Amino acid sequence: MRETVSCISKWHRELDLFCQLKPLIVLEGNILDVYTWHESGVDMPLCMYLHRLFSERGYEIVVKYDGIDGFMPALPGGGIPEAFVRAAGAESLEALQAPFAGAQETAAMYVKNAVAQNDHSTVVIMDMASRYQVSPGSLSQAQVDSYTNLLKAAQSAGQVYSEKTGQVTLNLLVLIVNKLNDIPAWFYLDNPYVKTIHVTTPTKEERSAMLAGDHFRDFFDRDVYGRDIPYYKERPEELKKIKEKFIGVTEGFTKLELRNLIRLCSEERFPVSRMNEVVDLYRYGIRENPWSDEGLREKLREGERFLEERVKGQPAALRRVLNVIKRAAAGMSGLQHSSHTKPRGILFFAGPTGTGKTETAKALAELLFGDESRCIRFDMSEYAQEHSDQRLLGAPPGYVGYEAGGQLTNAVRENPFSILLFDEIEKAHGSILDKFLQILEDGRMTDGQGRTVYFSETVIIFTSNLGIYRREANGNRVLQVGPEEPYERVEEKVRAAVSDYFKSELGRPELLNRIGENIVVFDFIREAAAGKILDRQLEGIIRKLHDDNRVTLVLEEKALAVLSEKVCRNLENGGRGVGNVVEEAFLNPLAAYMLDHDLLQNCRLRVCGINAEASPVTMEIEEG
């Protein structure tokens, strides 16, 4: 015989306690789920669950109301007791099918009558109470009257002796809402008659119970289970780790969603070793997780060479980045923590501007996910205002932009496997930094529309120029660390400045703790690296002209030397400075010559010299 689940939810215990202390209880949160009765293990909707709870408490009458069907029995298949019709003061059963809003002959008036009487112990459950008005902030007078009647019901709630329990029961009014702010704040705030209770999703203990004993086999096709389970009976520690991860990654799932996982895992014939992949299939609609792709391992073995082709002059930084990414790909991120839902990787890129921080993030996206567009960039200077978090994560109900959702949450929902790049994080408003605490710790965030977004398959990268400059008393910025210093000294100073910023200036050491030792300092672009960047950019230009315009371009050493010398005099802007030199001293005069001489296609050109001192720059070119 299948064992039953004996967990009693915290919200159940809270309700059981306060139903004798508070006559008006508001249930909010996970109210659309099914709930397991602790003794029988049977799942049921919330109103049925409440009917059973209150009936065992000795209540004679338990009815529910919603704005569509009026008053109904809380238990399907039953009927409205005649005693309730009398207690409500209605002329007939048909009269109870009344609208919510109004002062007379309304549902609220009948509720007030039924809760105030002392003859029959009564519970009235007002279901779907979030839908009794369009907006809780702008009620009509009729709606105000109805809520006032409900308050009167609480104030005059009757007490009835229960022969079943031998105790006095307090008549109850229970409102079921999706979110507490779906009903007027004045109705429940600072109201001694009201108790609000949050109905949670299944707890860790409840999710553990779903994997206990014979319940575990429900996840698997019968043949798959019979094939796999002998292996794990000999290796119980391996099975324990699989179950622990499942319990962790399903945090926040409703009971209905967990039911769907069981069915999906069985129908798709997932083996025991890969049962946790069913969570990705359910969340994202894909079976192939890029992090589990065996081809990724091979790419990561060559990862250092791949990154160095894209990012020049940063060998130490790239090795550090690659170690973090390899740890993420191996599924070993956060093993020292209890959470299984943290982001795959967290990196903080610090260092001078134009040194390859953004390019590294793009290169990682291409390496991991095959497309650098999977690097989703947010310029945090655009989120410096107090309410910027609403743009990023979504505005709450009733505010402008609510329907659109948040820019970050929408992006992650569409691309759950991605690099999230937050440029110049120090420029963001503090309210956004507070949100990052939850993302980095829990790997999930609920947007303004109440939808949960998971960050557990992303790599989060912050960038910053902290430590390069310091601000003097007069407000001027001066260079604190320069390219004349060795990389080890640059790294030491920058890491110290980042730590000091989060601890002292920002006052959020906990955010620094979430980042941990994953601060990667990028070096200044030095002459050798600048030469490599110049060569790469020139090679790209020459190749593109040949492929797109069938123009063969040869660059003589004399001309290249001029560009190299000019680049080395402009290193303060890093790689961007190299690009600026190429544009000003190479692309502009080349384009002018080709256009003036009608040599835009099917030709061969040799750049013999460049006069970088002229204004504008001139170029000596031979044809053929």
# chains A, B, ... in the order shown; residues from 1 in each chain; ligands from 1

call {"tool": "residues_around", "arguments": {"residues": "region 608-620 of chain A", "least_positions_apart": "4", "cutoff": "10 Å", "atoms": "only C-alpha atoms", "output": "list in words"}}
result
Val554, Leu555, Glu556, Glu557, Lys558, Ala559, Leu560, Ala561, Val562, Leu563, Glu565, Lys566, Val581, Glu584, Ala585, Phe586, Asn588, Pro589, Leu590, Ala592 and Tyr593 of chain A

call {"tool": "residues_around", "arguments": {"residues": "Glu510 (chain A)", "least_positions_apart": "4", "cutoff": "12 Å", "atoms": "only C-alpha atoms", "output": "NGL selection string"}}
result
:A and (433-434 or 436-438 or 440-441 or 499 or 502-504 or 506 or 514-516)

call {"tool": "atom_distance", "arguments": {"atom1": "CA of Ile461 (chain A)", "atom2": "CA of Lys362 (chain A)"}}
result
10.8 Å

call {"tool": "atom_distance", "arguments": {"atom1": "CA of Arg86 (chain A)", "atom2": "CA of Lys64 (chain A)"}}
result
16.0 Å

call {"tool": "residues_around", "arguments": {"residues": "region 470-486 of chain A", "least_positions_apart": "4", "cutoff": "9 Å", "atoms": "only C-alpha atoms", "output": "count of residues only"}}
result
11

call {"tool": "closest_residue", "arguments": {"among": "A:Ile519, A:Met445, A:Ile247, A:Ala328", "to": "Leu347 (chain A)", "atoms": "only C-alpha atoms"}}
result
A:Ile519

call {"tool": "atom_distance", "arguments": {"atom1": "CA of Val278 (chain A)", "atom2": "CA of Gly443 (chain A)"}}
result
18.0 Å

call {"tool": "closest_atom_pairs", "arguments": {"of": "region 144-186 of chain A", "to": "region 193-207 of chain A", "cutoff": "9 Å", "atoms": "only C-alpha atoms", "output": "Markdown table"}}
result
| residue | atom | partner | partner_atom | distance |
| --- | --- | --- | --- | --- |
| A:Leu151 | CA | A:Tyr193 | CA | 8.4 |
| A:Ala154 | CA | A:Tyr193 | CA | 6.3 |
| A:Gln155 | CA | A:Tyr193 | CA | 6.9 |
| A:Leu180 | CA | A:Thr196 | CA | 8.2 |

call {"tool": "residues_around", "arguments": {"residues": "region 287-303 of chain A", "least_positions_apart": "6", "cutoff": "7 Å", "atoms": "only C-alpha atoms", "output": "short mmCIF file (atom, residue, chain, number, x, y, z; two decimals) with N, CA, C and O atoms, in the first residue's frame"}}
result
data_model
loop_
_atom_site.label_atom_id
_atom_site.label_comp_id
_atom_site.auth_asym_id
_atom_site.auth_seq_id
_atom_site.Cartn_x
_atom_site.Cartn_y
_atom_site.Cartn_z
N ASP A 280 14.42 21.55 -16.94
CA ASP A 280 14.72 22.43 -18.07
C ASP A 280 13.70 22.23 -19.19
O ASP A 280 13.27 23.20 -19.82
N LEU A 281 13.33 20.97 -19.43
CA LEU A 281 12.34 20.71 -20.47
C LEU A 281 11.02 21.38 -20.13
O LEU A 281 10.35 21.96 -20.99
N LYS A 326 34.65 26.84 -16.80
CA LYS A 326 34.82 25.38 -16.76
C LYS A 326 34.12 24.80 -15.53
O LYS A 326 33.51 23.73 -15.59
N ALA A 329 30.47 24.72 -16.38
CA ALA A 329 30.13 23.65 -17.32
C ALA A 329 30.19 22.28 -16.66
O ALA A 329 29.47 21.36 -17.05
N LEU A 368 30.12 29.40 -25.61
CA LEU A 368 29.20 28.54 -24.85
C LEU A 368 27.94 28.19 -25.63
O LEU A 368 27.46 27.06 -25.60
N PHE A 369 27.39 29.19 -26.32
CA PHE A 369 26.06 29.02 -26.92
C PHE A 369 26.05 29.16 -28.44
O PHE A 369 25.00 29.12 -29.06
#

call {"tool": "residues_around", "arguments": {"residues": "Ser388 (chain A)", "least_positions_apart": "4", "cutoff": "9 Å", "atoms": "only C-alpha atoms", "output": "list in words"}}
result
Glu382, Tyr383, Ala384, Leu392, Leu393, Ala428, His429, Ser431 and Ile432 of chain A

call {"tool": "closest_residue", "arguments": {"among": "A:Asn149, A:Gln537, A:Gln133, A:Asn260", "to": "Pro184 (chain A)", "atoms": "only C-alpha atoms"}}
result
A:Gln133

call {"tool": "select_by_dssp", "arguments": {"residues": "region 104-193 of chain A", "states": "alpha helix (DSSP H)", "output": "PyMOL selection string"}}
result
chain A and resi 107-116+141-155+185-188

call {"tool": "closest_residue", "arguments": {"among": "A:Ser140, A:Met126, A:Asn30, A:Ile25", "to": "Asp69 (chain A)", "atoms": "only C-alpha atoms"}}
result
A:Met126

call {"tool": "residues_around", "arguments": {"residues": "Glu267 (chain A)", "least_positions_apart": "4", "cutoff": "10 Å", "atoms": "only C-alpha atoms", "output": "MDAnalysis selection string"}}
result
chainID A and resid 219:221 261:263

call {"tool": "select_by_dssp", "arguments": {"residues": "region 167-318 of chain A", "states": "strand (DSSP E)", "output": "list in words"}}
result
Gln167, Val168, Thr169, Leu170, Leu172, Leu173, Val174, Leu175, Ile176, Val177, Val194, Lys195, Thr196, Ile197, His198 and Val199 of chain A

call {"tool": "write_last_selection", "arguments": {"atoms": "N, CA, C and O atoms", "output": "PDB file, in the first residue's frame"}}
result
ATOM      1  N   GLN A 167     -16.105  22.708  22.002  1.00  0.00           N
ATOM      2  CA  GLN A 167     -15.527  24.034  22.166  1.00  0.00           C
ATOM      3  C   GLN A 167     -16.394  25.066  21.465  1.00  0.00           C
ATOM      4  O   GLN A 167     -17.221  24.738  20.607  1.00  0.00           O
ATOM      5  N   VAL A 168     -16.157  26.345  21.820  1.00  0.00           N
ATOM      6  CA  VAL A 168     -16.837  27.446  21.141  1.00  0.00           C
ATOM      7  C   VAL A 168     -16.049  27.809  19.882  1.00  0.00           C
ATOM      8  O   VAL A 168     -14.834  27.978  19.928  1.00  0.00           O
ATOM      9  N   THR A 169     -16.764  27.898  18.767  1.00  0.00           N
ATOM     10  CA  THR A 169     -16.110  28.274  17.503  1.00  0.00           C
ATOM     11  C   THR A 169     -16.493  29.696  17.137  1.00  0.00           C
ATOM     12  O   THR A 169     -17.605  30.160  17.425  1.00  0.00           O
ATOM     13  N   LEU A 170     -15.576  30.379  16.504  1.00  0.00           N
ATOM     14  CA  LEU A 170     -15.779  31.753  16.061  1.00  0.00           C
ATOM     15  C   LEU A 170     -16.170  31.745  14.595  1.00  0.00           C
ATOM     16  O   LEU A 170     -15.451  31.180  13.754  1.00  0.00           O
ATOM     17  N   LEU A 172     -16.441  32.665  10.840  1.00  0.00           N
ATOM     18  CA  LEU A 172     -15.296  33.156  10.058  1.00  0.00           C
ATOM     19  C   LEU A 172     -15.710  33.666   8.692  1.00  0.00           C
ATOM     20  O   LEU A 172     -16.631  33.132   8.055  1.00  0.00           O
ATOM     21  N   LEU A 173     -14.943  34.679   8.236  1.00  0.00           N
ATOM     22  CA  LEU A 173     -14.993  35.138   6.854  1.00  0.00           C
ATOM     23  C   LEU A 173     -13.591  34.976   6.290  1.00  0.00           C
ATOM     24  O   LEU A 173     -12.619  35.494   6.850  1.00  0.00           O
ATOM     25  N   VAL A 174     -13.440  34.228   5.194  1.00  0.00           N
ATOM     26  CA  VAL A 174     -12.139  33.968   4.569  1.00  0.00           C
ATOM     27  C   VAL A 174     -12.156  34.533   3.150  1.00  0.00           C
ATOM     28  O   VAL A 174     -13.021  34.158   2.345  1.00  0.00           O
ATOM     29  N   LEU A 175     -11.228  35.447   2.865  1.00  0.00           N
ATOM     30  CA  LEU A 175     -11.073  35.986   1.519  1.00  0.00           C
ATOM     31  C   LEU A 175      -9.862  35.340   0.864  1.00  0.00           C
ATOM     32  O   LEU A 175      -8.781  35.264   1.475  1.00  0.00           O
ATOM     33  N   ILE A 176     -10.022  34.872  -0.379  1.00  0.00           N
ATOM     34  CA  ILE A 176      -8.926  34.256  -1.127  1.00  0.00           C
ATOM     35  C   ILE A 176      -8.541  35.200  -2.257  1.00  0.00           C
ATOM     36  O   ILE A 176      -9.356  35.502  -3.145  1.00  0.00           O
ATOM     37  N   VAL A 177      -7.293  35.688  -2.221  1.00  0.00           N
ATOM     38  CA  VAL A 177      -6.819  36.644  -3.236  1.00  0.00           C
ATOM     39  C   VAL A 177      -5.485  36.161  -3.797  1.00  0.00           C
ATOM     40  O   VAL A 177      -4.723  35.467  -3.119  1.00  0.00           O
ATOM     41  N   VAL A 194      -8.264  41.305  11.387  1.00  0.00           N
ATOM     42  CA  VAL A 194      -7.818  40.640  10.157  1.00  0.00           C
ATOM     43  C   VAL A 194      -6.475  39.941  10.364  1.00  0.00           C
ATOM     44  O   VAL A 194      -5.560  40.488  10.989  1.00  0.00           O
ATOM     45  N   LYS A 195      -6.365  38.751   9.840  1.00  0.00           N
ATOM     46  CA  LYS A 195      -5.094  38.042   9.777  1.00  0.00           C
ATOM     47  C   LYS A 195      -4.818  37.670   8.322  1.00  0.00           C
ATOM     48  O   LYS A 195      -5.649  37.031   7.661  1.00  0.00           O
ATOM     49  N   THR A 196      -3.679  38.092   7.791  1.00  0.00           N
ATOM     50  CA  THR A 196      -3.292  37.709   6.426  1.00  0.00           C
ATOM     51  C   THR A 196      -2.331  36.529   6.510  1.00  0.00           C
ATOM     52  O   THR A 196      -1.399  36.530   7.322  1.00  0.00           O
ATOM     53  N   ILE A 197      -2.558  35.542   5.680  1.00  0.00           N
ATOM     54  CA  ILE A 197      -1.739  34.329   5.673  1.00  0.00           C
ATOM     55  C   ILE A 197      -1.280  34.059   4.248  1.00  0.00           C
ATOM     56  O   ILE A 197      -2.095  34.047   3.314  1.00  0.00           O
ATOM     57  N   HIS A 198       0.020  33.852   4.087  1.00  0.00           N
ATOM     58  CA  HIS A 198       0.582  33.573   2.769  1.00  0.00           C
ATOM     59  C   HIS A 198       0.578  32.067   2.513  1.00  0.00           C
ATOM     60  O   HIS A 198       1.175  31.295   3.262  1.00  0.00           O
ATOM     61  N   VAL A 199      -0.129  31.662   1.472  1.00  0.00           N
ATOM     62  CA  VAL A 199      -0.161  30.255   1.073  1.00  0.00           C
ATOM     63  C   VAL A 199       1.068  29.985   0.214  1.00  0.00           C
ATOM     64  O   VAL A 199       1.223  30.552  -0.868  1.00  0.00           O
TER      65      VAL A 199
END

call {"tool": "closest_residue", "arguments": {"among": "A:Asn276, A:Thr106, A:Thr122, A:Asn323", "to": "Glu304 (chain A)", "atoms": "only C-alpha atoms"}}
result
A:Asn323

call {"tool": "closest_residue", "arguments": {"among": "A:Leu50, A:Val63, A:Ala411, A:Ala83", "to": "His12 (chain A)", "atoms": "only C-alpha atoms"}}
result
A:Leu50

call {"tool": "decode", "arguments": {"residues": "region 430-478 of chain A", "atoms": "N, CA and C atoms", "output": "PDB file, in the first residue's frame"}}
result
ATOM      1  N   GLY A 430      20.782  52.173  -6.193  1.00  0.00           N
ATOM      2  CA  GLY A 430      20.875  51.189  -5.124  1.00  0.00           C
ATOM      3  C   GLY A 430      19.735  50.199  -5.094  1.00  0.00           C
ATOM      4  N   SER A 431      18.536  50.609  -5.520  1.00  0.00           N
ATOM      5  CA  SER A 431      17.388  49.694  -5.506  1.00  0.00           C
ATOM      6  C   SER A 431      17.616  48.508  -6.432  1.00  0.00           C
ATOM      7  N   ILE A 432      18.361  48.737  -7.523  1.00  0.00           N
ATOM      8  CA  ILE A 432      18.657  47.645  -8.452  1.00  0.00           C
ATOM      9  C   ILE A 432      19.689  46.704  -7.842  1.00  0.00           C
ATOM     10  N   LEU A 433      20.673  47.269  -7.154  1.00  0.00           N
ATOM     11  CA  LEU A 433      21.678  46.426  -6.511  1.00  0.00           C
ATOM     12  C   LEU A 433      21.039  45.504  -5.485  1.00  0.00           C
ATOM     13  N   ASP A 434      20.002  45.994  -4.808  1.00  0.00           N
ATOM     14  CA  ASP A 434      19.289  45.148  -3.855  1.00  0.00           C
ATOM     15  C   ASP A 434      18.647  43.946  -4.557  1.00  0.00           C
ATOM     16  N   LYS A 435      18.121  44.170  -5.761  1.00  0.00           N
ATOM     17  CA  LYS A 435      17.511  43.070  -6.516  1.00  0.00           C
ATOM     18  C   LYS A 435      18.566  42.036  -6.912  1.00  0.00           C
ATOM     19  N   PHE A 436      19.775  42.513  -7.227  1.00  0.00           N
ATOM     20  CA  PHE A 436      20.827  41.580  -7.613  1.00  0.00           C
ATOM     21  C   PHE A 436      21.181  40.626  -6.475  1.00  0.00           C
ATOM     22  N   LEU A 437      21.002  41.074  -5.258  1.00  0.00           N
ATOM     23  CA  LEU A 437      21.269  40.193  -4.129  1.00  0.00           C
ATOM     24  C   LEU A 437      20.434  38.926  -4.235  1.00  0.00           C
ATOM     25  N   GLN A 438      19.151  39.090  -4.555  1.00  0.00           N
ATOM     26  CA  GLN A 438      18.267  37.929  -4.663  1.00  0.00           C
ATOM     27  C   GLN A 438      18.630  37.073  -5.865  1.00  0.00           C
ATOM     28  N   ILE A 439      18.960  37.722  -6.984  1.00  0.00           N
ATOM     29  CA  ILE A 439      19.294  36.965  -8.192  1.00  0.00           C
ATOM     30  C   ILE A 439      20.551  36.129  -7.969  1.00  0.00           C
ATOM     31  N   LEU A 440      21.570  36.745  -7.365  1.00  0.00           N
ATOM     32  CA  LEU A 440      22.826  36.034  -7.158  1.00  0.00           C
ATOM     33  C   LEU A 440      22.689  34.924  -6.123  1.00  0.00           C
ATOM     34  N   GLU A 441      21.794  35.097  -5.153  1.00  0.00           N
ATOM     35  CA  GLU A 441      21.638  34.108  -4.089  1.00  0.00           C
ATOM     36  C   GLU A 441      20.677  32.996  -4.484  1.00  0.00           C
ATOM     37  N   ASP A 442      19.502  33.372  -5.002  1.00  0.00           N
ATOM     38  CA  ASP A 442      18.454  32.385  -5.269  1.00  0.00           C
ATOM     39  C   ASP A 442      18.359  31.963  -6.733  1.00  0.00           C
ATOM     40  N   GLY A 443      18.923  32.782  -7.635  1.00  0.00           N
ATOM     41  CA  GLY A 443      18.854  32.442  -9.052  1.00  0.00           C
ATOM     42  C   GLY A 443      17.484  32.604  -9.655  1.00  0.00           C
ATOM     43  N   ARG A 444      16.624  33.379  -9.007  1.00  0.00           N
ATOM     44  CA  ARG A 444      15.292  33.598  -9.566  1.00  0.00           C
ATOM     45  C   ARG A 444      14.763  34.941  -9.106  1.00  0.00           C
ATOM     46  N   MET A 445      13.796  35.444  -9.863  1.00  0.00           N
ATOM     47  CA  MET A 445      13.214  36.740  -9.554  1.00  0.00           C
ATOM     48  C   MET A 445      11.777  36.732 -10.053  1.00  0.00           C
ATOM     49  N   THR A 446      10.870  37.301  -9.262  1.00  0.00           N
ATOM     50  CA  THR A 446       9.477  37.427  -9.668  1.00  0.00           C
ATOM     51  C   THR A 446       9.252  38.831 -10.194  1.00  0.00           C
ATOM     52  N   ASP A 447       8.748  38.930 -11.430  1.00  0.00           N
ATOM     53  CA  ASP A 447       8.568  40.249 -12.032  1.00  0.00           C
ATOM     54  C   ASP A 447       7.272  40.890 -11.548  1.00  0.00           C
ATOM     55  N   GLY A 448       6.975  42.083 -12.069  1.00  0.00           N
ATOM     56  CA  GLY A 448       5.802  42.829 -11.630  1.00  0.00           C
ATOM     57  C   GLY A 448       4.489  42.126 -11.913  1.00  0.00           C
ATOM     58  N   GLN A 449       4.490  41.184 -12.860  1.00  0.00           N
ATOM     59  CA  GLN A 449       3.274  40.448 -13.197  1.00  0.00           C
ATOM     60  C   GLN A 449       3.150  39.150 -12.406  1.00  0.00           C
ATOM     61  N   GLY A 450       4.063  38.953 -11.471  1.00  0.00           N
ATOM     62  CA  GLY A 450       3.993  37.762 -10.633  1.00  0.00           C
ATOM     63  C   GLY A 450       4.568  36.514 -11.267  1.00  0.00           C
ATOM     64  N   ARG A 451       5.269  36.651 -12.405  1.00  0.00           N
ATOM     65  CA  ARG A 451       5.865  35.494 -13.074  1.00  0.00           C
ATOM     66  C   ARG A 451       7.299  35.322 -12.599  1.00  0.00           C
ATOM     67  N   THR A 452       7.658  34.091 -12.289  1.00  0.00           N
ATOM     68  CA  THR A 452       9.002  33.810 -11.803  1.00  0.00           C
ATOM     69  C   THR A 452       9.937  33.545 -12.976  1.00  0.00           C
ATOM     70  N   VAL A 453      11.072  34.229 -12.965  1.00  0.00           N
ATOM     71  CA  VAL A 453      12.092  34.064 -13.994  1.00  0.00           C
ATOM     72  C   VAL A 453      13.313  33.426 -13.338  1.00  0.00           C
ATOM     73  N   TYR A 454      13.889  32.440 -14.006  1.00  0.00           N
ATOM     74  CA  TYR A 454      15.011  31.690 -13.442  1.00  0.00           C
ATOM     75  C   TYR A 454      16.314  32.092 -14.120  1.00  0.00           C
ATOM     76  N   PHE A 455      17.335  32.340 -13.317  1.00  0.00           N
ATOM     77  CA  PHE A 455      18.653  32.736 -13.806  1.00  0.00           C
ATOM     78  C   PHE A 455      19.656  31.599 -13.653  1.00  0.00           C
ATOM     79  N   SER A 456      19.180  30.407 -13.357  1.00  0.00           N
ATOM     80  CA  SER A 456      20.061  29.303 -12.992  1.00  0.00           C
ATOM     81  C   SER A 456      20.890  28.776 -14.157  1.00  0.00           C
ATOM     82  N   GLU A 457      20.554  29.139 -15.401  1.00  0.00           N
ATOM     83  CA  GLU A 457      21.339  28.680 -16.550  1.00  0.00           C
ATOM     84  C   GLU A 457      22.121  29.822 -17.191  1.00  0.00           C
ATOM     85  N   THR A 458      22.169  30.962 -16.552  1.00  0.00           N
ATOM     86  CA  THR A 458      22.877  32.117 -17.100  1.00  0.00           C
ATOM     87  C   THR A 458      24.244  32.280 -16.445  1.00  0.00           C
ATOM     88  N   VAL A 459      25.099  33.036 -17.139  1.00  0.00           N
ATOM     89  CA  VAL A 459      26.328  33.548 -16.541  1.00  0.00           C
ATOM     90  C   VAL A 459      26.145  35.055 -16.412  1.00  0.00           C
ATOM     91  N   ILE A 460      26.314  35.572 -15.206  1.00  0.00           N
ATOM     92  CA  ILE A 460      26.120  36.997 -14.947  1.00  0.00           C
ATOM     93  C   ILE A 460      27.484  37.666 -14.853  1.00  0.00           C
ATOM     94  N   ILE A 461      27.663  38.718 -15.649  1.00  0.00           N
ATOM     95  CA  ILE A 461      28.937  39.438 -15.677  1.00  0.00           C
ATOM     96  C   ILE A 461      28.677  40.908 -15.390  1.00  0.00           C
ATOM     97  N   PHE A 462      29.350  41.431 -14.394  1.00  0.00           N
ATOM     98  CA  PHE A 462      29.341  42.866 -14.111  1.00  0.00           C
ATOM     99  C   PHE A 462      30.658  43.457 -14.612  1.00  0.00           C
ATOM    100  N   THR A 463      30.606  44.674 -15.147  1.00  0.00           N
ATOM    101  CA  THR A 463      31.848  45.360 -15.496  1.00  0.00           C
ATOM    102  C   THR A 463      31.916  46.684 -14.760  1.00  0.00           C
ATOM    103  N   SER A 464      33.151  47.161 -14.560  1.00  0.00           N
ATOM    104  CA  SER A 464      33.340  48.398 -13.822  1.00  0.00           C
ATOM    105  C   SER A 464      34.725  48.961 -14.105  1.00  0.00           C
ATOM    106  N   ASN A 465      34.852  50.288 -14.004  1.00  0.00           N
ATOM    107  CA  ASN A 465      36.143  50.960 -14.101  1.00  0.00           C
ATOM    108  C   ASN A 465      36.658  51.364 -12.717  1.00  0.00           C
ATOM    109  N   LEU A 466      36.053  50.818 -11.664  1.00  0.00           N
ATOM    110  CA  LEU A 466      36.456  51.167 -10.313  1.00  0.00           C
ATOM    111  C   LEU A 466      37.956  50.936 -10.112  1.00  0.00           C
ATOM    112  N   GLY A 467      38.595  51.868  -9.426  1.00  0.00           N
ATOM    113  CA  GLY A 467      40.000  51.715  -9.079  1.00  0.00           C
ATOM    114  C   GLY A 467      40.959  52.338 -10.049  1.00  0.00           C
ATOM    115  N   ILE A 468      40.509  52.665 -11.245  1.00  0.00           N
ATOM    116  CA  ILE A 468      41.410  53.268 -12.229  1.00  0.00           C
ATOM    117  C   ILE A 468      41.618  54.750 -11.919  1.00  0.00           C
ATOM    118  N   TYR A 469      40.548  55.400 -11.525  1.00  0.00           N
ATOM    119  CA  TYR A 469      40.626  56.821 -11.175  1.00  0.00           C
ATOM    120  C   TYR A 469      40.212  57.007  -9.723  1.00  0.00           C
ATOM    121  N   ARG A 470      40.636  58.106  -9.144  1.00  0.00           N
ATOM    122  CA  ARG A 470      40.132  58.525  -7.844  1.00  0.00           C
ATOM    123  C   ARG A 470      39.676  59.970  -7.973  1.00  0.00           C
ATOM    124  N   ARG A 471      38.722  60.326  -7.182  1.00  0.00           N
ATOM    125  CA  ARG A 471      38.174  61.686  -7.241  1.00  0.00           C
ATOM    126  C   ARG A 471      38.777  62.521  -6.115  1.00  0.00           C
ATOM    127  N   GLU A 472      39.352  63.660  -6.490  1.00  0.00           N
ATOM    128  CA  GLU A 472      39.966  64.552  -5.518  1.00  0.00           C
ATOM    129  C   GLU A 472      38.905  65.421  -4.846  1.00  0.00           C
ATOM    130  N   ALA A 473      39.341  66.177  -3.837  1.00  0.00           N
ATOM    131  CA  ALA A 473      38.415  67.002  -3.068  1.00  0.00           C
ATOM    132  C   ALA A 473      37.716  68.038  -3.940  1.00  0.00           C
ATOM    133  N   ASN A 474      38.392  68.527  -4.988  1.00  0.00           N
ATOM    134  CA  ASN A 474      37.780  69.525  -5.876  1.00  0.00           C
ATOM    135  C   ASN A 474      36.872  68.910  -6.937  1.00  0.00           C
ATOM    136  N   GLY A 475      36.714  67.571  -6.900  1.00  0.00           N
ATOM    137  CA  GLY A 475      35.829  66.902  -7.839  1.00  0.00           C
ATOM    138  C   GLY A 475      36.510  66.363  -9.084  1.00  0.00           C
ATOM    139  N   ASN A 476      37.780  66.704  -9.292  1.00  0.00           N
ATOM    140  CA  ASN A 476      38.497  66.238 -10.480  1.00  0.00           C
ATOM    141  C   ASN A 476      38.869  64.765 -10.340  1.00  0.00           C
ATOM    142  N   ARG A 477      38.836  64.070 -11.483  1.00  0.00           N
ATOM    143  CA  ARG A 477      39.260  62.665 -11.492  1.00  0.00           C
ATOM    144  C   ARG A 477      40.724  62.596 -11.916  1.00  0.00           C
ATOM    145  N   VAL A 478      41.505  61.849 -11.160  1.00  0.00           N
ATOM    146  CA  VAL A 478      42.914  61.673 -11.512  1.00  0.00           C
ATOM    147  C   VAL A 478      43.220  60.184 -11.578  1.00  0.00           C
TER     148      VAL A 478
END
